[in-house]
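target-v7.tsv (TSV, C-alpha atoms)
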```
chain	number	residue	atom	x	y	z
T	1	MET	CA	22.13	-8.91	2.94
T	2	LEU	CA	22.50	-8.29	6.68
T	3	GLY	CA	24.33	-5.05	5.97
T	4	ALA	CA	21.66	-3.89	3.54
T	5	LEU	CA	18.90	-4.73	6.02
T	6	THR	CA	20.72	-2.71	8.67
T	7	VAL	CA	20.95	0.21	6.24
T	8	LEU	CA	17.17	0.08	5.66
T	9	LEU	CA	16.45	-0.02	9.41
T	10	LEU	CA	18.95	2.77	10.03
T	11	TYR	CA	17.26	5.04	7.49
T	12	GLN	CA	13.86	4.24	8.97
T	13	LEU	CA	15.26	5.18	12.37
T	14	VAL	CA	16.64	8.45	10.98
T	15	GLY	CA	13.21	9.09	9.42
T	16	GLU	CA	11.36	8.44	12.70
T	17	VAL	CA	13.75	10.71	14.64
T	18	LEU	CA	13.43	13.53	12.09
T	19	VAL	CA	9.61	13.27	12.14
T	20	HIS	CA	9.57	13.55	15.93
T	21	VAL	CA	12.15	16.30	16.23
T	22	LEU	CA	10.72	18.45	13.43
T	23	ALA	CA	7.07	17.51	14.10
T	24	LEU	CA	6.55	16.59	10.42
T	25	PRO	CA	3.07	15.50	9.28
T	26	VAL	CA	4.56	12.55	7.32
T	27	PRO	CA	5.34	9.07	8.70
T	28	GLY	CA	8.95	8.16	9.52
T	29	PRO	CA	9.49	5.46	6.85
T	30	VAL	CA	8.58	7.94	4.10
T	31	VAL	CA	11.18	10.39	5.35
T	32	GLY	CA	13.61	7.45	5.58
T	33	MET	CA	12.87	6.60	1.94
T	34	LEU	CA	13.55	10.18	0.84
T	35	ALA	CA	16.79	10.25	2.88
T	36	LEU	CA	17.99	6.98	1.33
T	37	PHE	CA	17.08	8.25	-2.13
T	38	LEU	CA	19.08	11.46	-1.58
T	39	THR	CA	22.03	9.42	-0.27
T	40	LEU	CA	21.98	7.22	-3.39
T	41	ARG	CA	21.84	10.30	-5.60
T	42	ALA	CA	24.81	11.83	-3.79
T	43	ARG	CA	26.76	8.55	-4.15
T	44	GLY	CA	25.72	8.24	-7.78
T	45	ASP	CA	25.58	4.42	-7.71
T	46	LEU	CA	23.60	1.60	-6.18
T	47	PRO	CA	25.51	-1.00	-4.09
T	48	ALA	CA	24.65	-4.51	-5.32
T	49	PRO	CA	23.70	-5.96	-1.89
T	50	LEU	CA	21.27	-3.10	-1.26
T	51	ARG	CA	19.70	-3.63	-4.67
T	52	GLU	CA	19.28	-7.37	-4.06
T	53	THR	CA	17.82	-6.96	-0.56
T	54	ALA	CA	15.43	-4.19	-1.61
T	55	THR	CA	14.24	-6.17	-4.63
T	56	GLY	CA	13.76	-9.24	-2.44
T	57	ILE	CA	11.62	-7.38	0.09
T	58	LEU	CA	9.60	-5.55	-2.56
T	59	GLN	CA	8.85	-8.73	-4.50
T	60	HIS	CA	6.88	-9.98	-1.52
T	61	LEU	CA	5.62	-6.61	-0.38
T	62	SER	CA	2.06	-7.92	-0.44
T	63	LEU	CA	2.87	-10.48	2.28
T	64	LEU	CA	3.45	-7.61	4.71
T	65	PHE	CA	-0.21	-6.51	4.41
T	66	VAL	CA	-1.61	-9.88	5.43
T	67	PRO	CA	-1.55	-9.36	9.24
T	68	ALA	CA	-3.34	-5.98	8.99
T	69	GLY	CA	-5.83	-7.36	6.47
T	70	THR	CA	-6.70	-10.28	8.71
T	71	GLY	CA	-7.95	-7.61	11.14
T	72	VAL	CA	-11.08	-7.58	8.99
T	73	MET	CA	-12.42	-10.24	11.37
T	74	VAL	CA	-12.51	-7.71	14.23
T	75	HIS	CA	-14.45	-5.19	12.15
T	76	PHE	CA	-17.12	-7.55	10.82
T	77	ALA	CA	-19.37	-6.69	13.74
T	78	ARG	CA	-18.38	-3.08	14.36
T	79	VAL	CA	-19.56	-1.72	11.04
T	80	SER	CA	-21.73	-4.60	9.85
T	81	GLY	CA	-24.56	-2.27	8.82
T	82	GLU	CA	-22.21	-0.14	6.75
T	83	TRP	CA	-20.22	-2.75	4.87
T	84	LEU	CA	-22.10	-2.54	1.60
T	85	PRO	CA	-21.85	1.25	1.07
T	86	ILE	CA	-18.22	1.25	2.26
T	87	VAL	CA	-17.25	-1.53	-0.16
T	88	ALA	CA	-19.16	0.13	-3.01
T	89	ALA	CA	-17.40	3.46	-2.38
T	90	LEU	CA	-14.05	1.75	-2.07
T	91	LEU	CA	-14.35	-0.19	-5.34
T	92	ALA	CA	-15.70	2.72	-7.38
T	93	SER	CA	-13.15	5.14	-5.97
T	94	THR	CA	-10.22	2.79	-6.65
T	95	ALA	CA	-11.26	2.34	-10.29
T	96	LEU	CA	-11.74	6.11	-10.66
T	97	ALA	CA	-8.34	6.89	-9.09
T	98	ILE	CA	-6.50	4.44	-11.36
T	99	ALA	CA	-8.27	5.83	-14.44
T	100	ALA	CA	-7.80	9.48	-13.45
T	101	ALA	CA	-4.09	9.13	-12.64
T	102	ALA	CA	-3.38	7.16	-15.84
T	103	LEU	CA	-5.34	9.54	-18.10
T	104	ALA	CA	-3.72	12.63	-16.53
T	105	MET	CA	-0.25	11.17	-16.98
T	106	ARG	CA	-0.88	10.15	-20.60
T	107	LEU	CA	-2.35	13.56	-21.41
T	108	LEU	CA	0.63	15.42	-19.93
T	109	MET	CA	3.12	13.10	-21.65
T	110	ARG	CA	1.47	13.76	-25.03
T	111	TYR	CA	1.37	17.48	-24.32
T	112	GLY	CA	5.09	17.44	-23.42
T	113	ALA	CA	5.97	15.44	-26.54
T	114	ALA	CA	3.98	17.82	-28.76
T	115	GLN	CA	5.75	20.81	-27.22
T	116	ARG	CA	9.21	19.31	-27.75
T	117	LYS	CA	8.28	18.66	-31.39
T	118	GLY	CA	7.16	22.28	-31.74
T	119	GLU	CA	10.51	23.56	-30.49
T	120	LYS	CA	12.51	21.69	-33.12
B	1	MET	CA	-2.84	-38.27	25.97
B	2	THR	CA	-5.41	-35.60	25.13
B	3	PRO	CA	-4.45	-33.21	27.96
B	4	ARG	CA	-0.87	-33.19	26.64
B	5	ILE	CA	-2.05	-32.05	23.22
B	6	VAL	CA	-4.03	-29.30	24.92
B	7	ASP	CA	-0.92	-28.34	26.90
B	8	ILE	CA	1.11	-28.11	23.71
B	9	TRP	CA	-1.60	-26.03	22.05
B	10	VAL	CA	-1.78	-23.65	25.01
B	11	TYR	CA	1.99	-23.30	24.94
B	12	LEU	CA	2.13	-22.68	21.17
B	13	ALA	CA	-0.79	-20.25	21.19
B	14	ALA	CA	1.09	-18.15	23.75
B	15	THR	CA	4.25	-17.73	21.65
B	16	PRO	CA	4.62	-15.53	18.57
B	17	LEU	CA	5.78	-18.58	16.62
B	18	LEU	CA	2.31	-19.77	15.64
B	19	GLY	CA	0.98	-16.45	14.31
B	20	LEU	CA	4.16	-15.89	12.36
B	21	THR	CA	4.23	-19.40	10.89
B	22	ILE	CA	0.61	-19.51	9.78
B	23	THR	CA	0.96	-16.05	8.16
B	24	LEU	CA	3.90	-17.23	6.06
B	25	ALA	CA	2.30	-20.60	5.32
B	26	ALA	CA	-1.01	-19.04	4.28
B	27	TYR	CA	0.79	-16.54	2.04
B	28	LEU	CA	3.02	-19.18	0.44
B	29	GLY	CA	0.00	-21.38	-0.26
B	30	ALA	CA	-1.92	-18.43	-1.70
B	31	TYR	CA	1.08	-17.38	-3.79
B	32	TRP	CA	1.46	-20.91	-5.13
B	33	ILE	CA	-2.16	-20.84	-6.37
B	34	TYR	CA	-1.62	-17.36	-7.84
B	35	GLU	CA	1.56	-18.50	-9.64
B	36	ARG	CA	-0.13	-21.69	-10.89
B	37	SER	CA	-2.92	-19.54	-12.39
B	38	GLY	CA	-0.35	-17.60	-14.45
B	39	PHE	CA	-0.64	-14.57	-12.10
B	40	ASN	CA	-4.37	-14.17	-12.71
B	41	PRO	CA	-5.24	-10.86	-11.01
B	42	LEU	CA	-8.51	-12.32	-9.74
B	43	LEU	CA	-6.60	-14.80	-7.55
B	44	ASN	CA	-4.83	-12.10	-5.55
B	45	PRO	CA	-2.52	-13.78	-3.00
B	46	VAL	CA	-3.24	-11.27	-0.21
B	47	ALA	CA	-6.98	-11.86	-0.51
B	48	LEU	CA	-6.56	-15.66	-0.55
B	49	ALA	CA	-4.19	-15.61	2.43
B	50	ILE	CA	-6.54	-13.40	4.48
B	51	ILE	CA	-9.54	-15.62	3.72
B	52	ALA	CA	-7.55	-18.71	4.80
B	53	LEU	CA	-6.31	-17.03	7.99
B	54	VAL	CA	-9.70	-15.67	9.04
B	55	ALA	CA	-11.21	-19.12	8.46
B	56	ALA	CA	-8.46	-20.80	10.50
B	57	LEU	CA	-8.70	-18.29	13.38
B	58	LYS	CA	-12.50	-18.54	13.50
B	59	ALA	CA	-12.37	-22.35	13.35
B	60	THR	CA	-9.93	-22.56	16.28
B	61	GLY	CA	-11.61	-19.75	18.22
B	62	THR	CA	-8.37	-17.74	18.27
B	63	GLN	CA	-8.55	-14.00	19.01
B	64	TYR	CA	-7.16	-11.64	16.38
B	65	GLN	CA	-4.98	-10.01	19.05
B	66	THR	CA	-3.38	-13.36	19.92
B	67	TYR	CA	-2.67	-13.96	16.25
B	68	PHE	CA	-1.30	-10.46	15.75
B	69	ASP	CA	1.16	-10.85	18.65
B	70	GLY	CA	3.01	-13.22	16.35
B	71	ALA	CA	2.16	-11.71	12.99
B	72	GLN	CA	3.35	-8.25	14.06
B	73	PHE	CA	6.90	-9.21	13.09
B	74	VAL	CA	5.73	-9.44	9.47
B	75	HIS	CA	3.68	-6.26	9.89
B	76	PHE	CA	6.75	-4.43	11.24
B	77	LEU	CA	8.63	-5.01	7.97
B	78	LEU	CA	6.28	-2.53	6.24
B	79	GLY	CA	8.61	0.18	7.58
B	80	PRO	CA	11.91	-1.05	6.08
B	81	ALA	CA	10.00	-2.03	2.91
B	82	THR	CA	8.83	1.58	2.54
B	83	VAL	CA	12.43	2.74	2.90
B	84	ALA	CA	13.48	0.13	0.31
B	85	LEU	CA	11.28	1.88	-2.28
B	86	ALA	CA	14.13	4.39	-2.65
B	87	VAL	CA	16.03	1.71	-4.58
B	88	PRO	CA	13.70	1.22	-7.61
B	89	LEU	CA	13.09	4.95	-7.56
B	90	PHE	CA	16.83	5.61	-7.90
B	91	ALA	CA	17.14	2.93	-10.60
B	92	GLN	CA	14.48	4.74	-12.70
B	93	LEU	CA	15.86	8.20	-11.98
B	94	ASP	CA	16.54	9.18	-15.60
B	95	ARG	CA	13.01	8.43	-16.72
B	96	VAL	CA	11.51	10.00	-13.62
B	97	ARG	CA	13.43	13.21	-14.25
B	98	ARG	CA	12.26	13.41	-17.87
B	99	LEU	CA	8.66	12.76	-16.83
B	100	PHE	CA	8.58	15.19	-13.92
B	101	VAL	CA	5.52	17.19	-15.08
B	102	PRO	CA	3.36	14.20	-16.12
B	103	LEU	CA	4.20	12.43	-12.84
B	104	ALA	CA	3.41	15.46	-10.69
B	105	GLY	CA	0.12	16.02	-12.56
B	106	ALA	CA	-0.93	12.37	-12.34
B	107	LEU	CA	-0.04	12.30	-8.65
B	108	ILE	CA	-2.24	15.26	-7.75
B	109	VAL	CA	-5.16	14.16	-9.94
B	110	GLY	CA	-4.97	10.56	-8.72
B	111	SER	CA	-4.51	11.45	-5.07
B	112	VAL	CA	-7.42	13.92	-4.94
B	113	THR	CA	-9.68	11.60	-6.96
B	114	ALA	CA	-8.98	8.72	-4.59
B	115	ILE	CA	-9.88	10.75	-1.50
B	116	VAL	CA	-12.80	12.83	-2.81
B	117	SER	CA	-14.57	10.06	-4.74
B	118	ALA	CA	-14.37	7.60	-1.83
B	119	VAL	CA	-15.67	10.07	0.74
B	120	ALA	CA	-18.33	11.52	-1.59
B	121	ILE	CA	-19.77	8.14	-2.60
B	122	ALA	CA	-19.73	6.75	0.94
B	123	TRP	CA	-21.29	9.97	2.27
B	124	ALA	CA	-24.04	9.84	-0.37
B	125	LEU	CA	-24.76	6.25	0.68
B	126	GLY	CA	-25.18	7.35	4.30
B	127	VAL	CA	-21.94	6.11	5.90
B	128	SER	CA	-21.19	7.46	9.42
B	129	GLU	CA	-18.55	10.14	9.96
B	130	SER	CA	-16.02	7.98	11.80
B	131	SER	CA	-16.15	5.44	8.96
B	132	LEU	CA	-15.83	8.23	6.37
B	133	LEU	CA	-12.72	9.53	8.09
B	134	SER	CA	-11.33	5.99	8.29
B	135	LEU	CA	-12.01	5.51	4.56
B	136	ALA	CA	-10.49	8.80	3.35
B	137	PRO	CA	-6.79	7.78	3.39
B	138	LYS	CA	-7.45	4.27	1.98
B	139	SER	CA	-5.21	4.65	-1.08
B	140	VAL	CA	-1.94	5.10	0.79
B	141	THR	CA	0.22	2.44	2.36
B	142	ALA	CA	-0.88	1.06	5.75
B	143	PRO	CA	1.51	2.80	8.19
B	144	ILE	CA	0.90	6.20	6.57
B	145	ALA	CA	-2.87	5.74	6.27
B	146	MET	CA	-3.18	4.63	9.89
B	147	GLY	CA	-1.23	7.69	11.02
B	148	ILE	CA	-3.46	10.01	8.98
B	149	SER	CA	-6.65	8.29	10.16
B	150	GLU	CA	-5.63	8.74	13.78
B	151	LYS	CA	-4.82	12.40	13.19
B	152	ILE	CA	-8.14	13.26	11.50
B	153	GLY	CA	-10.39	11.27	13.86
B	154	GLY	CA	-10.90	7.95	12.08
B	155	ILE	CA	-10.39	4.44	13.49
B	156	PRO	CA	-6.80	3.40	12.59
B	157	SER	CA	-7.43	-0.37	12.69
B	158	LEU	CA	-10.48	-0.01	10.44
B	159	THR	CA	-8.36	2.11	8.10
B	160	ALA	CA	-5.78	-0.69	7.96
B	161	VAL	CA	-8.45	-3.12	6.78
B	162	LEU	CA	-9.81	-0.65	4.19
B	163	VAL	CA	-6.26	0.04	2.97
B	164	VAL	CA	-5.71	-3.66	2.38
B	165	ALA	CA	-9.10	-3.97	0.65
B	166	THR	CA	-8.22	-1.03	-1.61
B	167	GLY	CA	-4.86	-2.57	-2.44
B	168	ILE	CA	-6.43	-5.88	-3.35
B	169	SER	CA	-9.22	-4.34	-5.43
B	170	GLY	CA	-6.74	-2.13	-7.30
B	171	ALA	CA	-4.46	-5.08	-8.00
B	172	VAL	CA	-7.44	-7.11	-9.23
B	173	MET	CA	-9.08	-4.46	-11.43
B	174	ALA	CA	-6.13	-2.40	-12.75
B	175	LYS	CA	-5.52	-4.61	-15.77
B	176	TYR	CA	-9.14	-4.34	-16.89
B	177	VAL	CA	-9.48	-0.59	-16.23
B	178	LEU	CA	-6.19	0.28	-17.97
B	179	ASP	CA	-6.84	-2.06	-20.91
B	180	ALA	CA	-10.28	-0.49	-21.39
B	181	LEU	CA	-8.65	2.97	-21.53
B	182	GLY	CA	-6.04	1.74	-24.02
B	183	ILE	CA	-3.08	2.59	-21.76
B	184	ARG	CA	-0.11	0.41	-22.68
B	185	ASP	CA	2.93	2.27	-21.33
B	186	TYR	CA	4.25	0.29	-18.35
B	187	GLY	CA	5.40	3.46	-16.63
B	188	VAL	CA	1.91	4.97	-16.76
B	189	ARG	CA	0.20	1.70	-15.80
B	190	GLY	CA	2.49	1.20	-12.82
B	191	PHE	CA	2.34	4.77	-11.60
B	192	ALA	CA	-1.49	4.87	-11.66
B	193	LEU	CA	-1.66	1.56	-9.80
B	194	GLY	CA	0.85	2.70	-7.17
B	195	VAL	CA	-1.00	5.98	-6.56
B	196	ALA	CA	-4.42	4.29	-6.25
B	197	SER	CA	-3.51	1.10	-4.43
B	198	HIS	CA	-0.13	1.46	-2.70
B	199	GLY	CA	1.95	-1.60	-1.81
B	200	ILE	CA	-0.39	-4.36	-2.93
B	201	GLY	CA	-0.79	-2.60	-6.28
B	202	THR	CA	3.00	-2.16	-6.38
B	203	ALA	CA	3.55	-5.85	-5.67
B	204	ARG	CA	1.18	-6.69	-8.53
B	205	ALA	CA	3.01	-4.24	-10.82
B	206	PHE	CA	6.40	-5.82	-9.99
B	207	GLN	CA	4.99	-9.21	-10.97
B	208	VAL	CA	4.04	-7.83	-14.39
B	209	SER	CA	7.15	-5.77	-15.19
B	210	GLU	CA	10.16	-4.30	-13.40
B	211	GLU	CA	9.48	-0.89	-14.97
B	212	ALA	CA	5.82	-0.91	-13.92
B	213	GLY	CA	6.95	-1.92	-10.43
B	214	ALA	CA	9.45	0.92	-10.13
B	215	PHE	CA	6.83	3.47	-11.22
B	216	ALA	CA	4.25	1.93	-8.90
B	217	GLY	CA	6.69	2.20	-6.01
B	218	LEU	CA	7.25	5.82	-6.92
B	219	GLY	CA	3.49	6.47	-7.11
B	220	MET	CA	2.95	4.77	-3.76
B	221	GLY	CA	5.72	6.74	-2.05
B	222	LEU	CA	4.69	10.09	-3.53
B	223	ASN	CA	1.01	9.56	-2.77
B	224	GLY	CA	1.92	8.69	0.81
B	225	VAL	CA	3.58	12.08	1.15
B	226	ALA	CA	0.90	13.92	-0.87
B	227	THR	CA	-2.03	12.46	1.07
B	228	ALA	CA	-0.34	13.06	4.44
B	229	ILE	CA	-0.04	16.74	3.51
B	230	LEU	CA	-3.32	17.19	1.54
B	231	MET	CA	-5.69	15.39	3.90
B	232	PRO	CA	-5.46	17.67	6.96
B	233	LEU	CA	-5.75	20.71	4.64
B	234	MET	CA	-8.80	19.26	2.87
B	235	LEU	CA	-10.41	18.51	6.21
B	236	VAL	CA	-9.89	22.09	7.45
B	237	ALA	CA	-11.37	23.42	4.18
B	238	TRP	CA	-14.34	21.03	4.51
B	239	ARG	CA	-15.06	21.91	8.13
B	240	SER	CA	-14.96	25.67	7.50
B	241	PHE	CA	-17.19	25.30	4.42
```
Here is the file; what I need is its structure written in the form of C-alpha cells.
Amino acid sequence: MLGALTVLLLYQLVGEVLVHVLALPVPGPVVGMLALFLTLRARGDLPAPLRETATGILQHLSLLFVPAGTGVMVHFARVSGEWLPIVAALLASTALAIAAAALAMRLLMRYGAAQRKGEK
Amino acid sequence: MTPRIVDIWVYLAATPLLGLTITLAAYLGAYWIYERSGFNPLLNPVALAIIALVAALKATGTQYQTYFDGAQFVHFLLGPATVALAVPLFAQLDRVRRLFVPLAGALIVGSVTAIVSAVAIAWALGVSESSLLSLAPKSVTAPIAMGISEKIGGIPSLTAVLVVATGISGAVMAKYVLDALGIRDYGVRGFALGVASHGIGTARAFQVSEEAGAFAGLGMGLNGVATAILMPLMLVAWRSF
C-alpha cells in the first residue's frame, strides 16, 4: 500500500513538473493520470497493490471534497444576493449536462452498432 | 478547572488535529446514514458532512481558515486520487477502445452543455461577471476547476464551493434524470455522471456499480482535460464577439 501510494505521489510530481516546464494549460494531477495510464499500457498489466490502493482511495473520493465544500460558509455573505440565480443555473445546467452526455453517447453507440450490422 | 479546559481548547484549535478529525468524523457519520438508507441519493454523504461541519464551526465560532489548516491534509489527497483514476481507466481499456467515438462525442456534448448552459442561465438571471466566471468550470474536479477559474478571472475559492455543489446535485439527481430518459447501460450512466459532476458523481457511480464507476472516472478525467483546453478558447471567442 505504501509503495502504491508513493507511485501515485510520484506520478503527480511528474505531472506537476511537466506542466511547469512545458507551460501546459492542464493541472498537474491530470498529466500524472495520463502518464500513469500510459505506463500501465506499456506494462500491459496492473500490479495488485496499486489496484487495491487506487480502489480504496476512489471509494471514498467524495470525502476529499468535504474541506473545500465547507468553504461555503465563507461565501454566504460575499454573494448572498446572487445565491438563488447561481443555484438555479447550477441545478439546471447539471441536469442538462447529464442528459446531453448520456443521449449523445447512446445515439453514437446505436449509430456504430447499426453501421457494423450494415458491413456484415 | 474551567481555565484548563479553555487552555486545552486553545491548544487543540491551534493544531491540525482537530480539523482533520472532525472532517473524518463528520464524513463517517454522514456515510453511515447514507449506507443505512440503502444508498439513497438524496442523503448524499458530502452534503450531510458539510452541513454538520458548517453547523459545528458556526456553533463554536471557529474560522474556516483555522478549520482548513487541519482539513487541508484531506484536501491534498485530491491530487493523488486524480492520478489513481488511471487504474479504473486501464481496467476498462477494452471497452473504452471499442467505444472511442461515442465517448468522444458524449464528452464534447456534455462538456460544452455544462459550461454554456450554466453561464447562459446565470447570465440571464443577472449574475455578476466574477460569479459567472467562477461558475463556468463547475463541472470539473476541484483542483482543475480552481486552476481554470483563476486563469479566466473568477474567484477560485467560490469555484471550489460551486464545484462541490455541482457534484452533490449531480450525484443526487442522476438516477432520476437517467431513468426518465430510459438509459440503462452502466457505462453510459457512469460516463454522463462523471462528465457532469466529476469526483462526487464518480464516487456515487462506484457505489452503484464498478463499471459505472470506471466510466465515471474516465468522464471526469477527460472532462477535466477538455474543459481546461476549451474554456480559455471559449472565453476568447466570447470576448471578441
Mind dumping a table of every chain T residue within 7 Å of chain B, with the nearest atom pair and its distance in Å to one decimal, using only C-alpha atoms, sorted by chain and rising number, as a tab-separated table?
```
residue	atom	partner	partner_atom	distance
T:Leu8	CA	B:Pro80	CA	5.4
T:Leu9	CA	B:Pro80	CA	5.7
T:Gln12	CA	B:Pro80	CA	6.3
T:Pro25	CA	B:Ala228	CA	6.4
T:Val26	CA	B:Ala228	CA	5.7
T:Pro27	CA	B:Ile144	CA	5.7
T:Pro29	CA	B:Gly79	CA	5.4
T:Val30	CA	B:Thr82	CA	6.6
T:Gly32	CA	B:Val83	CA	5.5
T:Met33	CA	B:Val83	CA	4.0
T:Leu34	CA	B:Ala86	CA	6.8
T:Leu36	CA	B:Ala86	CA	6.1
T:Phe37	CA	B:Ala86	CA	4.9
T:Arg51	CA	B:Val87	CA	6.5
T:Ala54	CA	B:Ala84	CA	5.1
T:Ile57	CA	B:Ala81	CA	6.3
T:Leu58	CA	B:Ala81	CA	6.5
T:Gln59	CA	B:Ala203	CA	6.1
T:His60	CA	B:Ala203	CA	6.7
T:Leu61	CA	B:Ala203	CA	5.7
T:Ser62	CA	B:Ile200	CA	5.0
T:Leu63	CA	B:Tyr27	CA	6.4
T:Leu64	CA	B:His75	CA	5.4
T:Phe65	CA	B:Val164	CA	6.5
T:Val66	CA	B:Val46	CA	6.0
T:Pro67	CA	B:Ala71	CA	5.8
T:Ala68	CA	B:Ala160	CA	5.9
T:Gly69	CA	B:Val161	CA	5.0
T:Thr70	CA	B:Ile50	CA	5.3
T:Gly71	CA	B:Val161	CA	6.3
T:Val72	CA	B:Val161	CA	5.6
T:Met73	CA	B:Val54	CA	6.5
T:Val74	CA	B:Tyr64	CA	7.0
T:His75	CA	B:Leu158	CA	6.7
T:Glu82	CA	B:Val127	CA	6.3
T:Pro85	CA	B:Leu125	CA	5.8
T:Ile86	CA	B:Ala122	CA	5.9
T:Ala89	CA	B:Ala118	CA	5.2
T:Leu90	CA	B:Ala118	CA	5.9
T:Leu91	CA	B:Ser169	CA	6.6
T:Ser93	CA	B:Ala118	CA	5.0
T:Thr94	CA	B:Ala196	CA	6.0
T:Ala95	CA	B:Val177	CA	6.9
T:Leu96	CA	B:Thr113	CA	6.9
T:Ala97	CA	B:Ala114	CA	4.9
T:Ile98	CA	B:Ala192	CA	5.0
T:Ala99	CA	B:Val177	CA	6.8
T:Ala100	CA	B:Gly110	CA	5.6
T:Ala101	CA	B:Gly110	CA	4.3
T:Ala102	CA	B:Ala192	CA	5.1
T:Ala104	CA	B:Ala106	CA	5.0
T:Met105	CA	B:Pro102	CA	4.8
T:Leu108	CA	B:Pro102	CA	4.8
T:Met109	CA	B:Pro102	CA	5.6
```
Query raised in the report: What does the distance between CA of Arg4 (chain B) and CA of Gly29 (chain B) come to in Å, to one decimal place?
Result: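 Between CA of Arg4 (chain B) and CA of Gly29 (chain B) the gap is 29.4 Å.
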**Report entry** Separation of CA of Leu12 (chain B) from CA of Thr60 (chain B), in Å and rounded to one decimal
**Finding:** 13.0 Å
Query raised in the report: Between T:Gly28, T:Ala35, T:Val19, T:Leu50, which is the closest to Val7 (chain T) once you count all atoms listed in the file?
Result: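 Checking each candidate against Val7 (chain T), we get T:Leu50 as the closest.
CA of Leu133 (chain B) to CA of Met234 (chain B) spans 11.7 Å [interatomic distance, one decimal].
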